[in-house]
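Below is the file upload-v8.txt, which contains compact mmCIF, C-alpha atoms.
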```txt
# COMPACT_ATOMS: atom_id res chain seq x y z
CA MET Z 1 64.59 70.64 81.26
CA GLY Z 2 64.91 74.38 81.92
CA GLU Z 3 68.54 74.50 80.71
CA ASN Z 4 67.87 75.97 77.23
CA ILE Z 5 70.09 73.58 75.25
CA GLY Z 6 72.35 75.54 72.92
CA ARG Z 7 72.37 78.77 74.91
CA VAL Z 8 75.75 80.27 75.75
CA VAL Z 9 76.80 80.56 79.41
CA GLU Z 10 79.81 81.78 81.35
CA ASN Z 11 80.79 78.65 83.24
CA LYS Z 12 81.87 79.36 86.84
CA GLN Z 13 84.91 77.25 87.76
CA ILE Z 14 87.22 76.60 90.72
CA ILE Z 15 90.85 76.85 89.55
CA LEU Z 16 94.05 75.72 91.31
CA LYS Z 17 96.28 78.82 91.53
CA GLY Z 18 99.59 76.99 92.09
CA TYR Z 19 101.13 73.98 93.80
CA ILE Z 20 101.08 73.99 97.59
CA GLU Z 21 103.40 73.10 100.47
CA GLY Z 22 101.97 72.19 103.87
CA ALA Z 23 98.27 72.22 104.77
CA PRO Z 24 95.74 73.44 102.18
CA LYS Z 25 94.38 77.01 102.57
CA ASP Z 26 91.25 78.52 101.04
CA THR Z 27 93.48 80.88 99.02
CA ASP Z 28 95.05 77.93 97.10
CA MET Z 29 92.07 77.92 94.73
CA GLU Z 30 89.96 80.67 93.22
CA LEU Z 31 86.57 81.10 91.56
CA LYS Z 32 86.79 82.21 87.92
CA LEU Z 33 84.45 82.64 85.02
CA GLY Z 34 85.49 80.12 82.39
CA LYS Z 35 85.39 80.98 78.70
CA LYS Z 36 81.89 81.13 77.25
CA MET Z 37 80.48 77.70 76.45
CA LYS Z 38 77.48 76.50 74.50
CA LEU Z 39 75.17 74.21 76.48
CA GLU Z 40 75.40 71.29 74.10
CA ALA Z 41 77.37 68.11 73.51
CA PRO Z 42 79.29 68.53 70.20
CA LYS Z 43 77.89 66.28 67.48
CA GLY Z 44 80.15 63.35 66.65
CA SER Z 45 82.11 63.71 69.91
CA GLY Z 46 80.48 60.86 71.85
CA ALA Z 47 80.53 63.24 74.82
CA PHE Z 48 77.73 64.40 77.10
CA LEU Z 49 77.18 67.64 78.98
CA VAL Z 50 76.32 67.60 82.66
CA LYS Z 51 75.14 70.19 85.15
CA ASN Z 52 77.01 69.53 88.41
CA LEU Z 53 74.72 69.32 91.45
CA TYR Z 54 76.95 68.14 94.33
CA LEU Z 55 80.74 68.00 94.67
CA SER Z 56 82.74 66.00 97.19
CA CYS Z 57 85.58 67.44 99.34
CA ASP Z 58 87.95 64.57 100.13
CA PRO Z 59 91.36 64.52 101.90
CA TYR Z 60 92.95 62.43 99.09
CA MET Z 61 92.71 65.54 96.87
CA ARG Z 62 95.42 67.23 98.94
CA ALA Z 63 98.05 65.05 97.21
CA ARG Z 64 96.87 66.38 93.82
CA LEU Z 65 97.58 69.97 94.88
CA ARG Z 66 101.29 69.17 95.15
CA ASP Z 67 103.94 68.91 92.47
CA PHE Z 68 104.37 65.21 93.23
CA HIS Z 69 104.08 62.51 90.57
CA GLY Z 70 104.64 59.38 92.67
CA SER Z 71 101.03 58.97 93.84
CA TYR Z 72 98.19 56.89 92.41
CA LEU Z 73 96.65 60.02 90.83
CA PRO Z 74 98.57 62.72 88.91
CA PRO Z 75 98.68 66.28 90.30
CA PHE Z 76 96.23 68.92 89.09
CA VAL Z 77 97.61 71.45 86.61
CA PRO Z 78 97.89 75.00 88.02
CA GLY Z 79 95.49 77.31 86.22
CA SER Z 80 93.13 74.46 85.40
CA VAL Z 81 89.84 73.29 86.92
CA VAL Z 82 89.97 71.20 90.10
CA GLU Z 83 88.36 67.76 89.69
CA GLY Z 84 86.72 65.36 92.08
CA PHE Z 85 83.74 63.13 92.71
CA GLY Z 86 80.35 64.65 92.00
CA VAL Z 87 76.67 64.01 91.34
CA SER Z 88 75.50 65.55 88.09
CA LYS Z 89 72.52 65.72 85.74
CA VAL Z 90 72.90 65.06 82.00
CA ILE Z 91 71.48 67.99 80.00
CA ASP Z 92 72.63 67.12 76.46
CA SER Z 93 74.24 64.00 75.05
CA ASP Z 94 75.97 62.67 71.96
CA ASN Z 95 76.40 59.31 73.73
CA PRO Z 96 73.60 56.73 73.26
CA ASN Z 97 74.11 55.37 76.80
CA PHE Z 98 73.41 58.70 78.53
CA LYS Z 99 70.20 60.68 77.98
CA PRO Z 100 69.13 64.16 79.11
CA GLY Z 101 67.68 63.89 82.61
CA ASP Z 102 69.92 60.99 83.66
CA ILE Z 103 71.57 61.41 87.07
CA VAL Z 104 75.22 60.28 87.18
CA SER Z 105 77.90 60.08 89.86
CA GLY Z 106 81.66 59.92 89.45
CA PHE Z 107 84.54 62.07 88.32
CA THR Z 108 83.68 65.61 87.22
CA GLY Z 109 85.03 69.18 87.29
CA TRP Z 110 84.58 71.76 90.05
CA GLU Z 111 82.47 73.94 87.77
CA GLU Z 112 78.82 74.56 86.94
CA TYR Z 113 78.84 72.54 83.70
CA SER Z 114 81.23 69.81 82.53
CA LEU Z 115 81.65 68.11 79.17
CA ILE Z 116 82.35 64.44 79.80
CA TYR Z 117 84.40 62.67 77.14
CA ARG Z 118 85.20 59.56 79.21
CA PRO Z 119 81.88 57.96 80.16
CA GLU Z 120 83.67 55.18 82.09
CA GLN Z 121 84.42 57.69 84.88
CA LEU Z 122 80.70 58.01 85.73
CA ARG Z 123 77.94 55.59 86.71
CA LYS Z 124 74.19 56.12 86.44
CA VAL Z 125 72.23 56.64 89.64
CA GLN Z 126 68.67 55.35 89.92
CA PRO Z 127 67.03 58.04 92.06
CA ASP Z 128 64.82 56.72 94.88
CA THR Z 129 64.26 57.77 98.50
CA ILE Z 130 68.00 58.24 99.16
CA PRO Z 131 69.28 61.86 98.93
CA LEU Z 132 71.25 62.42 95.70
CA SER Z 133 74.26 63.81 97.58
CA TYR Z 134 74.65 60.40 99.30
CA TYR Z 135 76.00 59.01 96.01
CA ILE Z 136 79.30 60.85 96.72
CA SER Z 137 79.21 60.18 100.46
CA LEU Z 138 77.48 57.22 102.08
CA LEU Z 139 77.03 55.33 98.78
CA GLY Z 140 80.09 56.81 97.07
CA MET Z 141 83.85 56.60 97.53
CA PRO Z 142 83.92 57.41 101.31
CA GLY Z 143 81.23 54.87 102.18
CA PHE Z 144 82.84 52.24 99.96
CA THR Z 145 86.22 52.97 101.58
CA ALA Z 146 84.68 52.30 105.01
CA TYR Z 147 83.04 49.09 103.76
CA VAL Z 148 86.09 47.48 102.11
CA GLY Z 149 88.47 48.78 104.76
CA PHE Z 150 86.41 47.26 107.55
CA TYR Z 151 85.27 43.96 106.02
CA GLU Z 152 88.22 43.15 103.74
CA ILE Z 153 91.25 44.65 105.52
CA CYS Z 154 90.21 44.54 109.20
CA ALA Z 155 88.77 40.98 108.97
CA PRO Z 156 86.41 41.67 111.91
CA LYS Z 157 85.11 39.08 114.35
CA LYS Z 158 82.22 39.44 116.77
CA ASN Z 159 83.30 40.97 120.12
CA ASP Z 160 86.48 42.50 118.64
CA TYR Z 161 87.67 45.74 120.27
CA VAL Z 162 87.62 48.39 117.54
CA PHE Z 163 89.14 51.89 117.58
CA VAL Z 164 88.40 54.48 114.87
CA SER Z 165 90.24 57.83 114.59
CA ALA Z 166 88.65 60.86 112.85
CA ALA Z 167 85.55 58.91 113.72
CA SER Z 168 82.89 61.50 112.85
CA GLY Z 169 84.34 62.10 109.37
CA ALA Z 170 83.17 60.83 106.00
CA VAL Z 171 84.64 57.33 106.46
CA GLY Z 172 84.89 56.92 110.22
CA GLN Z 173 81.20 57.44 110.99
CA LEU Z 174 80.27 54.47 108.79
CA VAL Z 175 83.14 52.23 109.98
CA GLY Z 176 81.92 52.62 113.56
CA GLN Z 177 78.32 51.79 112.69
CA LEU Z 178 79.30 48.74 110.60
CA ALA Z 179 81.46 47.53 113.50
CA LYS Z 180 78.56 47.88 115.95
CA LEU Z 181 76.26 45.95 113.57
CA HIS Z 182 78.97 43.26 113.42
CA GLY Z 183 78.85 42.88 117.22
CA CYS Z 184 82.10 44.72 118.06
CA TYR Z 185 82.92 47.10 120.92
CA VAL Z 186 83.65 50.46 119.28
CA VAL Z 187 85.44 53.61 120.48
CA GLY Z 188 86.06 56.69 118.34
CA SER Z 189 88.22 59.78 118.67
CA ALA Z 190 87.40 63.24 117.32
CA GLY Z 191 88.55 66.82 117.86
CA THR Z 192 85.57 68.60 119.47
CA SER Z 193 83.10 67.82 122.25
CA GLN Z 194 80.24 68.25 119.73
CA LYS Z 195 81.73 65.48 117.55
CA VAL Z 196 82.26 63.24 120.59
CA ASP Z 197 78.60 63.74 121.50
CA LEU Z 198 77.55 62.78 117.94
CA LEU Z 199 79.67 59.62 118.05
CA LYS Z 200 78.02 58.41 121.24
CA ASN Z 201 74.46 59.67 120.81
CA LYS Z 202 73.87 59.65 117.04
CA PHE Z 203 76.19 57.03 115.58
CA GLY Z 204 75.95 54.60 118.51
CA PHE Z 205 79.66 54.20 119.38
CA ASP Z 206 80.15 52.60 122.81
CA GLU Z 207 82.57 55.35 123.83
CA ALA Z 208 84.31 58.37 122.30
CA PHE Z 209 86.87 60.95 123.39
CA ASN Z 210 88.27 64.31 122.32
CA TYR Z 211 91.96 63.69 121.57
CA LYS Z 212 92.73 67.38 122.09
CA GLU Z 213 91.74 67.04 125.75
CA GLU Z 214 94.00 64.02 126.35
CA PRO Z 215 97.55 65.01 127.39
CA ASP Z 216 98.55 61.33 127.20
CA LEU Z 217 97.00 59.36 124.32
CA ASP Z 218 98.48 56.06 125.53
CA ALA Z 219 96.76 56.53 128.91
CA ALA Z 220 93.49 57.48 127.16
CA LEU Z 221 93.55 54.29 125.07
CA LYS Z 222 94.35 52.18 128.14
CA ARG Z 223 91.30 53.74 129.82
CA TYR Z 224 88.94 52.85 126.96
CA PHE Z 225 90.62 49.57 125.99
CA PRO Z 226 91.92 47.93 129.18
CA GLN Z 227 92.04 44.64 127.22
CA GLY Z 228 93.77 46.26 124.23
CA ILE Z 229 92.71 46.90 120.63
CA ASP Z 230 91.95 44.20 118.01
CA ILE Z 231 91.23 46.56 115.11
CA TYR Z 232 92.43 50.11 114.50
CA PHE Z 233 90.93 51.96 111.54
CA GLU Z 234 93.64 54.56 110.88
CA ASN Z 235 92.69 57.97 109.50
CA VAL Z 236 95.16 60.32 111.21
CA GLY Z 237 98.70 58.95 111.69
CA GLY Z 238 101.20 60.74 113.91
CA ALA Z 239 100.97 60.61 117.71
CA MET Z 240 97.69 58.65 117.65
CA LEU Z 241 99.25 55.81 115.65
CA GLU Z 242 102.23 55.74 118.03
CA ALA Z 243 99.86 55.38 121.01
CA VAL Z 244 97.75 52.72 119.28
CA LEU Z 245 100.86 50.60 118.60
CA LEU Z 246 101.40 50.37 122.37
CA ASN Z 247 97.86 49.04 122.84
CA MET Z 248 97.34 46.48 120.07
CA ARG Z 249 96.36 42.93 121.00
CA VAL Z 250 98.06 39.81 119.62
CA HIS Z 251 97.08 39.30 115.94
CA GLY Z 252 95.50 42.75 115.79
CA ARG Z 253 94.81 44.47 112.46
CA ILE Z 254 95.46 48.07 111.45
CA ALA Z 255 93.77 49.29 108.25
CA VAL Z 256 95.62 52.38 107.03
CA CYS Z 257 93.05 54.51 105.24
CA GLY Z 258 94.54 57.99 105.68
CA MET Z 259 96.94 60.15 107.68
CA VAL Z 260 95.25 63.51 107.80
CA SER Z 261 97.65 64.82 110.50
CA GLN Z 262 100.63 64.57 108.14
CA HIS Z 263 100.65 67.88 106.27
CA SER Z 264 104.25 67.89 105.10
CA MET Z 265 105.33 65.44 102.41
CA THR Z 266 108.75 67.09 102.17
CA ASP Z 267 109.51 66.50 105.86
CA PRO Z 268 107.37 63.57 107.04
CA GLN Z 269 107.56 62.51 110.68
CA GLY Z 270 108.76 59.07 111.65
CA ILE Z 271 106.55 56.72 113.67
CA ARG Z 272 107.78 55.22 116.95
CA ASN Z 273 106.70 51.94 118.57
CA LEU Z 274 106.65 49.91 115.32
CA PHE Z 275 108.49 47.10 117.17
CA ASN Z 276 105.08 46.21 118.65
CA LEU Z 277 104.04 44.91 115.23
CA ILE Z 278 106.49 42.04 115.85
CA THR Z 279 105.77 41.22 119.49
CA LYS Z 280 101.99 41.34 118.95
CA ARG Z 281 102.08 39.86 115.41
CA VAL Z 282 100.01 42.80 114.15
CA ARG Z 283 99.09 43.17 110.48
CA MET Z 284 99.18 46.80 109.31
CA GLN Z 285 97.98 47.33 105.75
CA GLY Z 286 97.32 50.32 103.52
CA PHE Z 287 94.53 50.09 100.95
CA LEU Z 288 92.63 51.95 98.22
CA GLN Z 289 88.95 51.37 97.60
CA SER Z 290 89.65 51.30 93.84
CA ASP Z 291 91.28 47.85 94.23
CA PHE Z 292 87.92 46.42 95.30
CA LEU Z 293 85.51 47.76 92.67
CA HIS Z 294 84.20 44.23 92.03
CA LEU Z 295 82.53 44.52 95.46
CA TYR Z 296 80.80 47.84 94.69
CA PRO Z 297 77.42 46.35 93.61
CA LYS Z 298 77.22 44.28 96.82
CA PHE Z 299 78.22 47.32 98.88
CA LEU Z 300 75.53 49.45 97.24
CA GLU Z 301 72.87 46.82 97.94
CA ASP Z 302 74.00 46.19 101.55
CA VAL Z 303 74.48 49.78 102.68
CA ALA Z 304 71.43 51.24 100.87
CA SER Z 305 69.35 48.52 102.53
CA LEU Z 306 70.81 49.25 106.01
CA TYR Z 307 70.12 52.96 105.49
CA LYS Z 308 66.51 52.37 104.39
CA GLN Z 309 65.94 50.12 107.39
CA GLY Z 310 67.18 52.90 109.68
CA LYS Z 311 70.09 50.75 110.90
CA ILE Z 312 72.69 53.31 109.87
CA ILE Z 313 72.57 57.08 109.70
CA TYR Z 314 74.92 59.37 107.84
CA LEU Z 315 75.78 62.99 108.46
CA GLU Z 316 76.82 65.44 105.76
CA ASP Z 317 78.20 68.96 106.19
CA MET Z 318 76.71 70.79 103.21
CA SER Z 319 78.15 74.09 102.02
CA GLU Z 320 76.08 76.12 99.54
CA GLY Z 321 77.42 77.39 96.23
CA LEU Z 322 80.44 76.56 94.07
CA GLU Z 323 82.27 79.59 95.54
CA SER Z 324 82.24 77.90 98.99
CA GLY Z 325 84.43 75.07 97.62
CA PRO Z 326 87.95 76.35 98.46
CA SER Z 327 87.18 77.08 102.14
CA ALA Z 328 85.11 73.88 102.53
CA PHE Z 329 88.07 71.87 101.22
CA ALA Z 330 90.67 73.65 103.39
CA GLY Z 331 88.42 73.12 106.43
CA LEU Z 332 88.88 69.34 106.18
CA PHE Z 333 92.44 69.70 107.45
CA SER Z 334 91.53 71.69 110.56
CA GLY Z 335 88.46 69.60 111.42
CA LYS Z 336 85.91 72.34 110.58
CA ASN Z 337 83.56 69.85 108.95
CA ILE Z 338 81.06 67.88 111.01
CA GLY Z 339 80.45 64.76 108.93
CA LYS Z 340 81.12 64.36 105.21
CA GLN Z 341 81.94 67.67 103.50
CA VAL Z 342 79.83 68.25 100.39
CA ILE Z 343 79.41 71.33 98.18
CA CYS Z 344 75.93 71.96 96.76
CA VAL Z 345 76.46 73.64 93.37
CA ALA Z 346 72.80 73.46 92.28
CA HIS Z 347 69.71 71.73 93.61
CA ASP Z 348 68.55 70.61 90.18
```

Here is a file; write its structure as structure tokens.
Amino acid sequence: MGENIGRVVENKQIILKGYIEGAPKDTDMELKLGKKMKLEAPKGSGAFLVKNLYLSCDPYMRARLRDFHGSYLPPFVPGSVVEGFGVSKVIDSDNPNFKPGDIVSGFTGWEEYSLIYRPEQLRKVQPDTIPLSYYISLLGMPGFTAYVGFYEICAPKKNDYVFVSAASGAVGQLVGQLAKLHGCYVVGSAGTSQKVDLLKNKFGFDEAFNYKEEPDLDAALKRYFPQGIDIYFENVGGAMLEAVLLNMRVHGRIAVCGMVSQHSMTDPQGIRNLFNLITKRVRMQGFLQSDFLHLYPKFLEDVASLYKQGKIIYLEDMSEGLESGPSAFAGLFSGKNIGKQVICVAHD
């Protein structure tokens, strides 16, 4: 296996320095050498040791950098290792269900090696022609979020008018493609002309626009949706949501996936135009993919099949090395990433 089971290593780790206010910065976390660890799973522990290959940068993690206990996940502890979704390789195991060489995806530490004591937080991956990193992107939490958000929350019908914000991101790029395959008219917004070009020419959106170049978002939406919007897949909040509310059709649906524009939890902005929910009988619903895990096997089958048939494509923004993690994560909140942000810790 090339890992020399039993040898002692200094485990590089990404540590949260302290709780944050406002938008994340690359100085919120730091790279440290952890205390020396033996590359083995302790006998009698039921644990297994993994080498982390790919780590996922996701906007939901921002909430865990704050001293806020009212969310669905507890905050990280300052001075401890940041955690998130990853793809890892088992290198030693005291658990009969996981063997050296197995590839797993799920919850792991932002570090070179992690000891996993809770096997339920990881699932085995059967490697085939799909890139391993896709198990934390297209076939992982972001892809599954797009799938359940679109099919379960948006309740799409053929010929619906669909608008996706942050459309070239980890979730949005798949929502748009699923909507096109469903027979919908799809428009996306993004923050650079390069991303707009990708939406139209790579992901097959009918139209796309750069919201930063639109002085009047309401006018922009009226230009692209003269008939109004049936489905809005919400990733940004703020001014975009206010403009969308003025353009929803009767019985429209808004799936609230994220609000990446809202950096301040201590002083959140109010949203205007909510009265339109009444006049247009709009359903606006927040959701978490974790409520739909019973659909994960079907999702995996459906989306892997679409990918292999060439009916969907998926773009990752890969940063090399564990040390690139803090700036890759902070970049999510200023739109630096083009596609799903992934950190490659090791190739094998």

For the atom pair atom CA of Pro42 of chain Z and atom CA of Asp94 of chain Z, what is the interatomic distance in Å to one decimal place?
->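 According to the coordinates, atom CA of Pro42 of chain Z and atom CA of Asp94 of chain Z are separated by 7.0 Å.
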
| task | Have a look at atom CA of Arg123 of chain Z and atom CA of Val104 of chain Z and let me know their distance in Å, one decimal. | result |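 If I compute the distance from atom CA of Arg123 of chain Z to atom CA of Val104 of chain Z, I get 5.4 Å.
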
Exercise for the section: Identify which of the residues Z:Ile91, Z:Leu217, Z:Leu132, Z:Ala208 lies closest to Lys38 of chain Z, counting only C-alpha atoms when measuring atom-to-atom distances. Expected result: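 Of the candidates, the smallest distance to Lys38 of chain Z is held by Z:Ile91.
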
Computed interatomic separation between atom CA of Ala146 of chain Z and atom CA of Gly86 of chain Z (Å) =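 Separation between atom CA of Ala146 of chain Z and atom CA of Gly86 of chain Z: 18.5 Å.
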
### Query
Near Ile313 of chain Z, counting all atoms listed in the file, which residues have an atom at most 10 Å away, once you skip same-chain residues fewer than 5 positions from it, shown as number ranges by chain?
Z: 138, 173-174, 177, 202-204, 306-308

Would you export the selected residues with C-alpha atoms as a PDB file, keeping the file's coordinate frame, please?
```
ATOM      1  CA  LEU Z 138      77.480  57.220 102.080  1.00  0.00           C
ATOM      2  CA  GLN Z 173      81.200  57.440 110.990  1.00  0.00           C
ATOM      3  CA  LEU Z 174      80.270  54.470 108.790  1.00  0.00           C
ATOM      4  CA  GLN Z 177      78.320  51.790 112.690  1.00  0.00           C
ATOM      5  CA  LYS Z 202      73.870  59.650 117.040  1.00  0.00           C
ATOM      6  CA  PHE Z 203      76.190  57.030 115.580  1.00  0.00           C
ATOM      7  CA  GLY Z 204      75.950  54.600 118.510  1.00  0.00           C
ATOM      8  CA  LEU Z 306      70.810  49.250 106.010  1.00  0.00           C
ATOM      9  CA  TYR Z 307      70.120  52.960 105.490  1.00  0.00           C
ATOM     10  CA  LYS Z 308      66.510  52.370 104.390  1.00  0.00           C
TER      11      LYS Z 308
END
```

Z:Ala243, Z:Asn337, Z:Asn159, Z:Ser324: which is nearest Ala190 of chain Z, counting only C-alpha atoms?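 Among the listed residues, the smallest separation from Ala190 of chain Z belongs to Z:Asn337.
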
| task | For segment 269-279 of chain Z, list every protein, DNA or RNA residue within 10 Å, evaluated using only C-alpha atoms, and leave out those in the same chain fewer than 5 positions away; present the list as a ChimeraX atom specification. | result | /Z:237-254,262-264,284

From the list Z:Gln289, Z:Gln126, Z:Ser189, Z:Ser93, the nearest residue to Cys257 of chain Z using only C-alpha atoms is Z:Gln289

Counting all atoms listed in the file, which of Z:Val260, Z:Leu49, Z:Cys184, Z:Ile130 gets nearest to Tyr113 of chain Z?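 Of all the options, Z:Leu49 lies closest to Tyr113 of chain Z.
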
(message) Please return as a list in words every residue within 9 Å of (82.1, 67.0, 115.2), taking into account all atoms listed in the file and the file's own coordinates.
(response)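 Selection result: Ala167, Ser168, Gly169, Ala190, Gly191, Thr192, Ser193, Gln194, Lys195, Val196, Asp197, Leu198, Leu199, Gly335, Lys336, Asn337, Ile338 and Gly339 of chain Z.
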
TODO: Excluding segment 298-301 of chain Z and residues on its chain fewer than 5 positions from it, collect all residues at most 10 Å away from it, counting only C-alpha atoms, and give them as an NGL selection string.
DONE: :Z and (135 or 138-140 or 143-144 or 147-148 or 293 or 306)

Residue among Z:Lys212, Z:His347, Z:His182, Z:Lys17 lying closest to Lys311 of chain Z, counting only C-alpha atoms:
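When distances to Lys311 of chain Z are compared using only C-alpha atoms, the smallest one comes from Z:His182.
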